[in-house]
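Text of data.cif, listed as mmCIF, C-alpha atoms:
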data_structure
#
loop_
_atom_site.label_atom_id
_atom_site.label_comp_id
_atom_site.auth_asym_id
_atom_site.auth_seq_id
_atom_site.Cartn_x
_atom_site.Cartn_y
_atom_site.Cartn_z
CA MET A 278 32.19 11.35 26.75
CA ASN A 279 31.66 15.04 26.02
CA THR A 280 33.02 17.70 28.32
CA LEU A 281 31.10 20.67 29.68
CA LEU A 282 33.21 23.20 31.67
CA GLY A 283 35.68 20.45 32.49
CA THR A 284 33.03 18.08 33.85
CA PRO A 285 32.43 14.81 32.00
CA VAL A 286 28.93 14.52 30.63
CA PRO A 287 27.70 11.09 29.47
CA SER A 288 27.01 10.92 25.74
CA VAL A 289 24.55 8.04 26.15
CA LEU A 290 21.05 8.56 27.49
CA PRO A 291 20.02 6.69 30.65
CA ARG A 292 18.42 3.31 30.02
CA ARG A 293 15.09 4.50 31.44
CA SER A 294 14.95 7.41 28.99
CA ARG A 295 15.77 5.18 26.05
CA ALA A 296 13.12 2.66 27.13
CA ALA A 297 10.49 5.41 27.37
CA ALA A 298 11.50 6.70 23.92
CA ALA A 299 11.25 3.17 22.50
CA LEU A 300 7.74 2.77 23.93
CA ARG A 301 6.66 6.12 22.44
CA ARG A 302 8.14 5.16 19.10
CA GLY A 303 6.29 1.85 19.15
CA LEU A 304 3.03 3.55 20.09
CA TRP A 305 3.12 6.15 17.33
CA TRP A 306 4.45 3.72 14.72
CA THR A 307 1.45 1.49 15.47
CA VAL A 308 -1.01 4.39 15.33
CA LEU A 309 0.35 5.71 12.05
CA SER A 310 0.53 2.22 10.57
CA LEU A 311 -3.19 1.87 11.21
CA THR A 312 -3.94 5.23 9.60
CA GLY A 313 -1.99 4.70 6.40
CA GLY A 314 1.60 3.82 7.25
CA VAL A 315 4.83 5.65 8.00
CA GLU A 316 8.23 5.37 6.39
CA ARG A 317 11.56 7.06 6.93
CA ARG A 318 14.54 7.83 4.76
CA GLY A 319 17.86 8.83 6.26
CA ARG A 320 19.08 8.65 9.83
CA LEU A 321 20.12 11.05 12.55
CA PRO A 322 23.86 11.37 13.21
CA GLY A 323 25.40 9.95 16.35
CA GLY A 324 25.21 12.18 19.42
CA GLY A 325 22.93 15.08 20.16
CA CYS A 326 21.40 17.27 17.49
CA VAL A 327 18.69 19.86 16.96
CA VAL A 328 16.09 18.61 14.49
CA VAL A 329 14.24 21.29 12.52
CA ALA A 330 11.19 20.27 10.49
CA ASN A 331 8.28 21.70 8.55
CA HIS A 332 5.01 21.93 10.47
CA SER A 333 1.54 21.65 8.95
CA SER A 334 -0.28 19.28 11.30
CA HIS A 335 -0.49 18.07 14.89
CA ALA A 336 0.41 14.68 13.38
CA ASP A 337 3.94 15.95 12.65
CA THR A 338 4.92 15.19 16.23
CA ALA A 339 3.64 11.61 15.96
CA ALA A 340 5.47 11.19 12.64
CA LEU A 341 8.80 12.29 14.10
CA LEU A 342 8.43 10.20 17.26
CA ALA A 343 7.63 7.15 15.11
CA ALA A 344 10.48 7.74 12.65
CA LEU A 345 13.41 8.96 14.74
CA ASP A 346 15.64 6.50 16.56
CA ALA A 347 14.75 5.87 20.19
CA ARG A 348 18.44 5.95 21.17
CA HIS A 349 18.31 9.72 20.68
CA GLY A 350 15.33 10.05 23.05
CA PRO A 351 13.66 12.75 20.91
CA ALA A 352 12.21 15.64 22.92
CA ILE A 353 9.62 17.84 21.19
CA GLY A 354 9.38 21.58 21.75
CA ALA A 355 5.70 22.42 22.27
CA ALA A 356 3.86 25.71 22.58
CA ALA A 357 3.50 26.41 26.31
CA ASP A 358 0.32 28.46 25.86
CA TYR A 359 -1.44 25.53 24.14
CA TRP A 360 0.00 22.16 25.18
CA PHE A 361 0.77 23.18 28.76
CA ALA A 362 -2.29 25.35 29.37
CA SER A 363 -4.13 22.66 31.36
CA PRO A 364 -3.06 19.71 33.52
CA TRP A 365 -4.43 17.02 31.19
CA ARG A 366 -2.81 18.54 28.10
CA ARG A 367 0.45 18.86 29.97
CA ARG A 368 0.35 15.18 30.99
CA ILE A 369 -0.46 14.04 27.45
CA CYS A 370 2.30 16.18 25.97
CA ARG A 371 4.96 15.06 28.42
CA ARG A 372 4.13 11.36 28.51
CA LEU A 373 3.11 10.64 24.95
CA ALA A 374 5.26 13.17 23.09
CA ALA A 375 8.21 13.83 25.43
CA GLY A 376 7.23 17.47 25.09
CA PHE A 377 8.81 20.39 26.88
CA PRO A 378 7.25 23.88 27.03
CA VAL A 379 8.45 26.75 24.88
CA ARG A 380 6.83 30.12 25.53
CA ARG A 381 5.79 31.93 22.39
CA GLY A 382 5.80 35.24 24.22
CA GLY A 383 8.67 36.33 26.45
CA GLY A 384 11.07 33.71 27.82
CA GLY A 385 11.04 31.31 24.89
CA MET A 386 14.79 31.52 24.36
CA ASP A 387 15.45 30.60 28.00
CA ASP A 388 13.17 27.57 27.58
CA LEU A 389 15.18 26.43 24.58
CA LEU A 390 18.58 27.00 26.15
CA SER A 391 17.53 24.89 29.13
CA MET A 392 17.80 21.89 26.78
CA ALA A 393 21.49 22.44 26.00
CA GLY A 394 22.56 19.89 28.60
CA GLU A 395 20.21 17.28 27.12
CA LEU A 396 21.76 17.87 23.70
CA ARG A 397 25.29 17.43 25.03
CA ALA A 398 24.14 14.17 26.62
CA GLY A 399 23.20 12.83 23.19
CA ARG A 400 19.53 13.69 22.97
CA ALA A 401 17.73 14.97 19.87
CA VAL A 402 15.68 18.10 20.44
CA VAL A 403 12.96 18.53 17.84
CA LEU A 404 11.71 22.03 17.02
CA PHE A 405 9.37 23.53 14.46
CA PRO A 406 11.09 26.85 13.72
CA GLU A 407 8.00 28.30 12.02
CA GLY A 408 6.44 28.51 15.48
CA THR A 409 2.99 27.43 14.28
CA ARG A 410 1.32 25.12 11.78
CA ALA A 411 1.26 26.28 8.17
CA SER A 412 -2.20 26.26 6.59
CA ASP A 413 -1.27 26.65 2.92
CA GLY A 414 1.52 24.09 2.60
CA GLU A 415 4.20 26.80 2.32
CA LEU A 416 6.95 27.09 4.90
CA GLY A 417 6.94 30.28 6.91
CA SER A 418 10.05 32.08 8.03
CA PHE A 419 12.25 30.29 10.56
CA HIS A 420 12.93 31.79 13.97
CA ARG A 421 16.51 31.77 15.24
CA GLY A 422 15.87 29.92 18.52
CA ALA A 423 16.67 26.41 17.25
CA LEU A 424 19.93 27.60 15.72
CA VAL A 425 20.99 29.53 18.82
CA LEU A 426 20.35 26.39 20.89
CA ALA A 427 22.46 24.24 18.54
CA GLU A 428 25.32 26.74 18.63
CA GLU A 429 25.15 26.98 22.42
CA ALA A 430 25.29 23.18 22.81
CA GLY A 431 27.83 22.69 20.03
CA VAL A 432 25.69 20.18 18.10
CA PRO A 433 24.63 20.06 14.44
CA VAL A 434 21.27 21.10 13.02
CA VAL A 435 19.49 18.30 11.16
CA PRO A 436 16.80 19.31 8.63
CA VAL A 437 13.83 16.96 8.26
CA GLY A 438 11.07 17.02 5.65
CA ILE A 439 7.64 15.60 6.48
CA ALA A 440 4.99 14.78 3.87
CA GLY A 441 1.52 13.32 4.24
CA THR A 442 0.56 14.67 7.66
CA ASP A 443 -1.32 17.57 6.07
CA ARG A 444 -3.59 14.98 4.47
CA LEU A 445 -3.71 12.72 7.51
CA LEU A 446 -4.79 15.44 9.93
CA PRO A 447 -5.23 18.83 8.23
CA LYS A 448 -5.24 22.00 10.27
CA HIS A 449 -8.83 22.40 11.53
CA GLY A 450 -9.73 19.19 9.66
CA ARG A 451 -10.63 15.60 10.55
CA LEU A 452 -8.47 12.50 10.66
CA ARG A 453 -8.28 10.42 7.48
CA SER A 454 -6.04 7.73 6.02
CA SER A 455 -2.72 8.82 4.52
CA LEU A 456 0.80 7.48 4.23
CA VAL A 457 3.29 9.65 6.15
CA ARG A 458 6.88 9.94 4.94
CA VAL A 459 9.80 11.43 6.84
CA THR A 460 13.13 12.28 5.19
CA VAL A 461 16.15 13.05 7.39
CA GLY A 462 18.69 15.29 5.69
CA GLU A 463 22.42 15.78 6.09
CA PRO A 464 23.54 17.62 9.26
CA LEU A 465 24.16 21.35 8.95
CA PRO A 466 26.71 23.25 11.04
CA SER A 467 25.37 24.96 14.15
CA ALA A 468 26.30 28.34 12.64
CA VAL A 469 23.79 27.90 9.78
CA THR A 470 21.47 30.84 9.10
CA PRO A 471 17.65 30.60 9.44
CA GLU A 472 17.34 31.04 5.67
CA GLN A 473 19.74 28.18 4.96
CA ALA A 474 17.96 25.89 7.41
CA ARG A 475 14.60 26.81 5.92
CA ASP A 476 15.83 26.13 2.38
CA ALA A 477 17.16 22.71 3.43
CA VAL A 478 13.86 21.72 5.08
CA ARG A 479 11.81 23.03 2.16
CA ALA A 480 13.90 21.03 -0.33
CA LEU A 481 13.48 17.85 1.71
CA GLN A 482 9.75 18.35 2.20
CA SER A 483 9.21 19.10 -1.49
CA ARG A 484 11.25 16.09 -2.60
CA THR A 485 9.45 13.80 -0.19
CA ALA A 486 6.00 15.02 -1.24
CA ARG A 487 6.78 14.65 -4.95
CA GLU A 488 8.26 11.19 -4.70
CA PRO A 489 5.67 8.81 -6.19
CA LEU A 490 4.50 5.84 -4.18
CA ARG A 491 5.21 2.72 -6.18
CA ASP A 492 2.01 0.84 -6.84
CA SER A 493 0.76 -2.34 -8.47
CA ALA A 494 -1.26 -2.23 -11.68
CA ALA A 495 -3.37 -5.09 -10.31
CA ARG A 496 -4.16 -3.13 -7.16
CA ARG A 497 -5.15 -0.08 -9.16
CA ARG A 498 -7.54 -2.15 -11.28
CA VAL A 499 -9.12 -3.76 -8.23
CA ALA A 500 -9.40 -0.37 -6.51
CA ALA A 501 -11.10 1.11 -9.58
CA VAL A 502 -13.79 -1.58 -9.45
CA VAL A 503 -14.25 -1.43 -5.68
CA THR A 504 -14.63 2.34 -5.61
CA SER A 505 -17.02 2.38 -8.58
CA TRP A 506 -20.72 1.65 -8.38
CA TRP A 507 -19.87 -1.98 -9.21
CA GLY A 508 -18.16 -2.56 -5.86
CA LEU A 509 -21.13 -3.14 -3.57
CA PRO A 510 -23.15 -5.25 -6.07
CA LEU A 511 -20.06 -7.38 -6.67
CA ALA A 512 -19.73 -8.19 -2.95
CA PHE A 513 -23.46 -8.89 -2.64
CA CYS A 514 -23.67 -11.13 -5.72
CA TRP A 515 -20.52 -13.10 -4.87
CA ALA A 516 -21.77 -13.90 -1.36
CA PHE A 517 -25.32 -14.52 -2.60
CA ALA A 518 -24.06 -17.05 -5.16
CA GLU A 519 -21.81 -18.75 -2.60
CA ALA A 520 -24.75 -19.23 -0.23
CA LEU A 521 -26.57 -21.09 -3.04
CA SER A 522 -23.93 -23.01 -5.02
CA TRP A 523 -20.77 -21.02 -5.88
CA PRO A 524 -17.75 -22.76 -4.26
CA LEU A 525 -15.58 -19.69 -3.55
CA MET A 526 -16.23 -18.08 -0.17
CA PRO A 527 -16.85 -14.32 0.03
CA GLU A 528 -13.88 -14.07 2.40
CA LEU A 529 -11.65 -14.66 -0.63
CA LEU A 530 -13.13 -11.59 -2.30
CA LEU A 531 -12.85 -9.57 0.91
CA GLY A 532 -9.20 -10.51 1.24
CA ALA A 533 -8.49 -9.14 -2.22
CA VAL A 534 -10.54 -5.94 -2.07
CA CYS A 535 -10.00 -4.90 1.56
CA VAL A 536 -6.22 -5.06 1.20
CA ALA A 537 -6.43 -3.10 -2.05
CA VAL A 538 -8.78 -0.43 -0.64
CA PRO A 539 -8.87 -0.58 3.18
CA ARG A 540 -11.31 2.33 3.48
CA ALA A 541 -13.91 0.28 1.56
CA ALA A 542 -13.70 -2.67 3.98
CA LEU A 543 -16.84 -1.92 5.96
CA LYS A 544 -18.93 -1.25 2.85
CA MET A 545 -17.77 -4.41 1.10
CA SER A 546 -18.12 -6.53 4.25
CA LEU A 547 -21.69 -5.36 4.80
CA GLY A 548 -22.48 -6.00 1.13
CA ALA A 549 -21.10 -9.53 1.41
CA LEU A 550 -23.04 -10.12 4.63
CA ALA A 551 -26.28 -8.98 3.01
CA GLY A 552 -25.62 -11.28 0.06
CA SER A 553 -24.93 -14.25 2.34
CA LEU A 554 -28.12 -13.72 4.31
CA ALA A 555 -30.26 -13.28 1.21
CA GLY A 556 -28.70 -16.31 -0.47
CA GLY A 557 -29.00 -18.44 2.65
CA LEU A 558 -32.66 -17.54 3.05
CA LEU A 559 -33.32 -18.44 -0.59
CA ALA A 560 -31.41 -21.73 -0.19
CA LEU A 561 -33.61 -22.59 2.79
CA GLN A 562 -36.80 -21.79 0.88
CA LEU A 563 -35.74 -23.78 -2.20
CA ALA A 564 -34.69 -26.79 -0.12
CA SER A 565 -37.95 -26.74 1.83
CA ALA A 566 -39.78 -26.82 -1.53
CA GLY A 567 -37.77 -29.85 -2.66
CA ALA A 568 -35.42 -28.09 -5.07
CA GLN A 569 -31.79 -29.20 -5.17
CA LEU A 570 -28.97 -26.96 -6.41
CA PRO A 571 -25.43 -28.11 -7.28
CA ALA A 572 -23.11 -28.05 -4.25
CA PRO A 573 -19.53 -28.51 -5.52
CA LEU A 574 -16.74 -29.21 -3.03
CA THR A 575 -19.13 -30.48 -0.35
CA THR A 576 -19.35 -34.01 1.04
CA ASP A 577 -21.95 -36.38 2.48
CA ARG A 578 -20.14 -36.25 5.82
CA MET A 579 -20.57 -32.46 5.92
CA ARG A 580 -24.31 -32.84 5.33
CA ALA A 581 -24.62 -35.54 7.96
CA GLU A 582 -22.83 -33.39 10.54
CA VAL A 583 -25.06 -30.40 9.81
CA ARG A 584 -28.22 -32.55 10.09
CA HIS A 585 -27.01 -33.79 13.46
CA GLU A 586 -26.32 -30.24 14.71
CA LEU A 587 -29.69 -28.97 13.49
CA ALA A 588 -31.50 -31.82 15.22
CA LEU A 589 -29.84 -30.89 18.50
CA GLU A 590 -29.79 -27.08 18.32
CA GLY A 591 -32.20 -25.95 15.62
CA ALA A 592 -31.35 -22.72 13.81
CA SER A 593 -28.62 -21.84 16.30
CA ALA A 594 -26.52 -24.72 14.93
CA VAL A 595 -25.30 -22.33 12.25
CA ARG A 596 -23.07 -20.75 14.89
CA HIS A 597 -20.63 -23.60 14.26
CA GLN A 598 -20.24 -22.71 10.60
CA PRO A 599 -17.58 -20.00 10.94
CA TRP A 600 -15.26 -22.48 12.66
CA ASN A 601 -15.81 -25.98 11.27
CA GLY A 602 -15.14 -25.28 7.58
CA ILE A 603 -18.50 -26.58 6.35
CA PRO A 604 -19.82 -24.20 3.65
CA PHE A 605 -22.71 -21.94 4.58
CA LYS A 606 -24.81 -23.31 1.71
CA VAL A 607 -24.86 -26.76 3.34
CA TYR A 608 -26.42 -25.23 6.47
CA GLY A 609 -29.00 -23.36 4.40
CA VAL A 610 -30.09 -26.42 2.46
CA GLU A 611 -30.21 -28.75 5.46
CA ALA A 612 -32.09 -26.14 7.50
CA GLY A 613 -34.72 -25.99 4.74
CA ARG A 614 -35.03 -29.76 4.66
CA ALA A 615 -35.33 -29.84 8.47
CA GLY A 616 -38.16 -27.31 8.39
CA VAL A 617 -36.35 -24.58 10.34
CA PRO A 618 -38.54 -21.42 10.39
CA ALA A 619 -37.21 -18.71 8.10
CA ALA A 620 -37.25 -15.99 10.79
CA GLU A 621 -35.24 -18.12 13.23
CA TRP A 622 -32.81 -19.04 10.48
CA LEU A 623 -32.31 -15.43 9.44
CA GLY A 624 -31.59 -14.24 12.98
CA ALA A 625 -29.16 -17.06 13.77
CA SER A 626 -27.32 -16.84 10.45
CA ALA A 627 -27.05 -13.04 10.74
CA ALA A 628 -25.18 -13.44 14.04
CA ALA A 629 -22.94 -16.25 12.79
CA ARG A 630 -22.15 -14.84 9.36
CA GLY A 631 -21.98 -11.27 10.61
CA SER A 632 -19.27 -12.02 13.16
CA ARG A 633 -17.17 -13.88 10.62
CA THR A 634 -17.65 -11.61 7.61
CA LEU A 635 -17.05 -8.34 9.44
CA THR A 636 -14.07 -9.71 11.38
CA VAL A 637 -12.42 -11.01 8.21
CA GLY A 638 -13.09 -7.82 6.26
CA LEU A 639 -11.76 -5.49 8.95
CA ALA A 640 -8.75 -7.73 9.62
CA PHE A 641 -7.77 -7.62 5.95
CA ALA A 642 -8.29 -3.85 5.97
CA GLY A 643 -5.87 -3.54 8.90
CA PHE A 644 -3.40 -5.72 7.02
CA GLY A 645 -3.80 -3.50 3.98
CA LEU A 646 -3.05 -0.39 6.01
CA LEU A 647 0.06 -1.97 7.52
CA LEU A 648 1.33 -2.91 4.06
CA ARG A 649 0.30 0.27 2.29
CA ARG A 650 3.85 1.32 1.55
CA HIS A 651 4.45 -2.12 -0.02
CA ARG A 652 1.44 -1.97 -2.32
CA ARG A 653 3.69 -2.58 -5.30
CA HIS A 654 3.70 -6.23 -4.15
CA TYR A 655 -0.09 -6.54 -4.30
CA GLY A 656 0.10 -8.98 -7.21
CA ARG A 657 2.23 -11.32 -5.10
CA PHE A 658 -0.24 -10.97 -2.26
CA LEU A 659 -3.06 -12.04 -4.59
CA ALA A 660 -1.05 -15.09 -5.63
CA LEU A 661 -0.40 -16.02 -2.00
CA LEU A 662 -4.04 -15.41 -1.09
CA GLY A 663 -5.28 -17.60 -3.94
CA GLY A 664 -2.75 -20.32 -3.19
CA GLY A 665 -3.53 -20.26 0.52
CA PHE A 666 -7.25 -20.40 -0.14
CA ALA A 667 -6.87 -23.34 -2.55
CA ALA A 668 -4.71 -25.23 -0.08
CA GLY A 669 -7.09 -24.53 2.80
CA LEU A 670 -10.13 -25.54 0.79
CA SER A 671 -8.45 -28.78 -0.26
CA MET A 672 -7.63 -29.61 3.36
CA ILE A 673 -11.19 -28.91 4.47
CA VAL A 674 -12.79 -31.04 1.74
CA HIS A 675 -10.29 -33.83 2.38
CA GLY A 676 -10.89 -33.63 6.13
CA TRP A 677 -14.65 -33.95 5.67
CA GLY A 678 -14.37 -36.58 2.94
#

Please express what this file holds, its structure, as structure tokens.
Amino acid sequence: MNTLLGTPVPSVLPRRSRAAAALRRGLWWTVLSLTGGVERRGRLPGGGCVVVANHSSHADTAALLAALDARHGPAIGAAADYWFASPWRRRICRRLAAGFPVRRGGGGMDDLLSMAGELRAGRAVVLFPEGTRASDGELGSFHRGALVLAEEAGVPVVPVGIAGTDRLLPKHGRLRSSLVRVTVGEPLPSAVTPEQARDAVRALQSRTAREPLRDSAARRRVAAVVTSWWGLPLAFCWAFAEALSWPLMPELLLGAVCVAVPRAALKMSLGALAGSLAGGLLALQLASAGAQLPAPLTTDRMRAEVRHELALEGASAVRHQPWNGIPFKVYGVEAGRAGVPAAEWLGASAAARGSRTLTVGLAFAGFGLLLRRHRRHYGRFLALLGGGFAAGLSMIVHGWG
């Protein structure tokens, strides 16, 4: 318990406040994980504190809410003339960012000092002492308000450096993928000067931005191919060959490339889909003409099942392919032998293969974004992917043997 004017003040936030902070932290951690990832170094001290951080993006608030402990119930100081200028902005700021208004004209100091009780109760009050977002990456001068508040409440000032948000959501720019990193520094005494606080934040931000992200040589090589002009033809040719004879499904390729380069997932998935459709159409035409291509890792039972489905459902039987494990090439060949019209086959296979290929590609891209900060383990991921694929393929062939 802390004491304020002889009256005990609880040093632990109410359960409802901590639950709301935990929900906000989960929300913003999820959002930032999907846009490139978020990681934190350091931890806030026990009890209340005033957090001062660099400010270059609206995403800074999300980064701090995702990184700071929910037990502190972080409250974010927000510009009253912007975030509280309309009812809908006010609701968003309060509910999603635990924001409280700070006037940038007259009265701002009173707004800050109104949070002294929250600080004594153990809350973390987050402020951007520059007062506005920096546009050139350089920290502006710090205003004294955050430090006056810390001294009034008798709590430390904690410097925090944020890196990556200026790439994630630049000032007057559009959202793009970027890893966000937050470094929590050592507490400073409440009597610290604005210059000392600014120097501490600048050092943390600079160190965080310079720190290299450990990567895998294998991932870099894969990314170089995917982002070159070879990427799209590779996806097309792999899927095209698999639809004719090649035994390795295009989903194996998508698993490797979409985790390595999540932003290329849609392009590579569409390339693989186009290759599958073109290869399947050619397989149908060749089979209808009596040609027979090698079909490794397929069985007579697979072919019998596909013939049965085609006899009952026609071209729409291919809708079972994404779920039963029978290779797409078996459907293409048997459809040609059954005399399925090419137009009907193309439409049905586009729906079936499209749903599977795009879902797999985008799912692996999401996985790649979640694991972006662990990309140094990409080689191990490839080994697990290959091993899992081999085991799954063996089970499928054995099951249909």

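In this comparison, which uses all atoms listed in the file, the residue of A:Val328, A:Leu543, A:Leu550, A:Leu559 approaching Ala352 (chain A) most closely is A:Val328.
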
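Across A:Glu528, A:Glu472, A:Glu429, A:Glu463, the tightest approach to Leu390 (chain A) is made by A:Glu429 when counting all atoms listed in the file.
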
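Closest approach to Ala340 (chain A) among A:Val434, A:Leu647, A:Val327, A:Val459 is made by A:Val459 (distances from all atoms listed in the file).
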
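Taking CA of Ala357 (chain A) and CA of Ala298 (chain A) as endpoints, the distance between them is 21.4 Å.
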
What's the 12 Å shell around Thr312 (chain A), counting only C-alpha atoms, without same-chain residues fewer than 2 positions away, as a short mmCIF file (atom, residue, chain, number, x, y, z; two decimals) with C-alpha atoms, keeping the file's coordinate frame?
data_model
loop_
_atom_site.label_atom_id
_atom_site.label_comp_id
_atom_site.auth_asym_id
_atom_site.auth_seq_id
_atom_site.Cartn_x
_atom_site.Cartn_y
_atom_site.Cartn_z
CA TRP A 305 3.12 6.15 17.33
CA TRP A 306 4.45 3.72 14.72
CA THR A 307 1.45 1.49 15.47
CA VAL A 308 -1.01 4.39 15.33
CA LEU A 309 0.35 5.71 12.05
CA SER A 310 0.53 2.22 10.57
CA GLY A 314 1.60 3.82 7.25
CA VAL A 315 4.83 5.65 8.00
CA ALA A 336 0.41 14.68 13.38
CA ALA A 339 3.64 11.61 15.96
CA ALA A 340 5.47 11.19 12.64
CA GLY A 441 1.52 13.32 4.24
CA THR A 442 0.56 14.67 7.66
CA ARG A 444 -3.59 14.98 4.47
CA LEU A 445 -3.71 12.72 7.51
CA LEU A 446 -4.79 15.44 9.93
CA LEU A 452 -8.47 12.50 10.66
CA ARG A 453 -8.28 10.42 7.48
CA SER A 454 -6.04 7.73 6.02
CA SER A 455 -2.72 8.82 4.52
CA LEU A 456 0.80 7.48 4.23
CA VAL A 457 3.29 9.65 6.15
CA PRO A 539 -8.87 -0.58 3.18
CA ARG A 540 -11.31 2.33 3.48
CA ALA A 642 -8.29 -3.85 5.97
CA GLY A 643 -5.87 -3.54 8.90
CA PHE A 644 -3.40 -5.72 7.02
CA GLY A 645 -3.80 -3.50 3.98
CA LEU A 646 -3.05 -0.39 6.01
CA LEU A 647 0.06 -1.97 7.52
CA LEU A 648 1.33 -2.91 4.06
CA ARG A 649 0.30 0.27 2.29
CA ARG A 650 3.85 1.32 1.55
#

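Proximity ranking of A:Ala520, A:Val610, A:Ala512, A:Ala330 relative to Leu563 (chain A) places A:Val610 first, based on only C-alpha atoms.
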
Who sits within 9 Å of Leu424 (chain A), all atoms listed in the file, same chain under 6 positions skipped, as a list in words:
Val327, Pro433, Val434, Ser467, Ala468, Val469, Thr470, Pro471 and Ala474 of chain A

Translate the PyMOL selection byres ((chain A and resi 662) around 12), as applied to the file shown, into an explicit residue set as a tab-separated table (two decimals) with C-alpha atoms, in the coordinates of the input.
chain	number	residue	atom	x	y	z
A	528	GLU	CA	-13.88	-14.07	2.40
A	529	LEU	CA	-11.65	-14.66	-0.63
A	530	LEU	CA	-13.13	-11.59	-2.30
A	531	LEU	CA	-12.85	-9.57	0.91
A	532	GLY	CA	-9.20	-10.51	1.24
A	533	ALA	CA	-8.49	-9.14	-2.22
A	534	VAL	CA	-10.54	-5.94	-2.07
A	536	VAL	CA	-6.22	-5.06	1.20
A	641	PHE	CA	-7.77	-7.62	5.95
A	655	TYR	CA	-0.09	-6.54	-4.30
A	656	GLY	CA	0.10	-8.98	-7.21
A	657	ARG	CA	2.23	-11.32	-5.10
A	658	PHE	CA	-0.24	-10.97	-2.26
A	659	LEU	CA	-3.06	-12.04	-4.59
A	660	ALA	CA	-1.05	-15.09	-5.63
A	661	LEU	CA	-0.40	-16.02	-2.00
A	663	GLY	CA	-5.28	-17.60	-3.94
A	664	GLY	CA	-2.75	-20.32	-3.19
A	665	GLY	CA	-3.53	-20.26	0.52
A	666	PHE	CA	-7.25	-20.40	-0.14
A	667	ALA	CA	-6.87	-23.34	-2.55
A	668	ALA	CA	-4.71	-25.23	-0.08
A	669	GLY	CA	-7.09	-24.53	2.80
A	670	LEU	CA	-10.13	-25.54	0.79

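Take the candidates A:Thr504, A:Gln598, A:Ser391, A:Ser553 and check each one against Ala430 (chain A) using only C-alpha atoms; the shortest distance goes to A:Ser391.
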
Please write as a PyMOL selection string the full residue list that the PyMOL selection byres ((chain A and resi 402) around 7) yields on this file.
chain A and resi 326-328+351-353+396+400-401+403-404

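Against this structure, the PyMOL selection byres ((chain A and resi 480) around 12) ends up with Ala330, Asn331, Glu415, Leu416, Pro436, Val437, Gly438, Ile439, Ala440, Thr460, Val461, Gly462, Glu463, Gln473, Ala474, Arg475, Asp476, Ala477, Val478, Arg479, Leu481, Gln482, Ser483, Arg484, Thr485, Ala486 and Arg487 of chain A.
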
Can you write out the residues you just picked, keeping C-alpha atoms, as a tab-separated table (two decimals), in the coordinates of the input?
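Result file follows (part.tsv):
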chain	number	residue	atom	x	y	z
A	330	ALA	CA	11.19	20.27	10.49
A	331	ASN	CA	8.28	21.70	8.55
A	415	GLU	CA	4.20	26.80	2.32
A	416	LEU	CA	6.95	27.09	4.90
A	436	PRO	CA	16.80	19.31	8.63
A	437	VAL	CA	13.83	16.96	8.26
A	438	GLY	CA	11.07	17.02	5.65
A	439	ILE	CA	7.64	15.60	6.48
A	440	ALA	CA	4.99	14.78	3.87
A	460	THR	CA	13.13	12.28	5.19
A	461	VAL	CA	16.15	13.05	7.39
A	462	GLY	CA	18.69	15.29	5.69
A	463	GLU	CA	22.42	15.78	6.09
A	473	GLN	CA	19.74	28.18	4.96
A	474	ALA	CA	17.96	25.89	7.41
A	475	ARG	CA	14.60	26.81	5.92
A	476	ASP	CA	15.83	26.13	2.38
A	477	ALA	CA	17.16	22.71	3.43
A	478	VAL	CA	13.86	21.72	5.08
A	479	ARG	CA	11.81	23.03	2.16
A	481	LEU	CA	13.48	17.85	1.71
A	482	GLN	CA	9.75	18.35	2.20
A	483	SER	CA	9.21	19.10	-1.49
A	484	ARG	CA	11.25	16.09	-2.60
A	485	THR	CA	9.45	13.80	-0.19
A	486	ALA	CA	6.00	15.02	-1.24
A	487	ARG	CA	6.78	14.65	-4.95
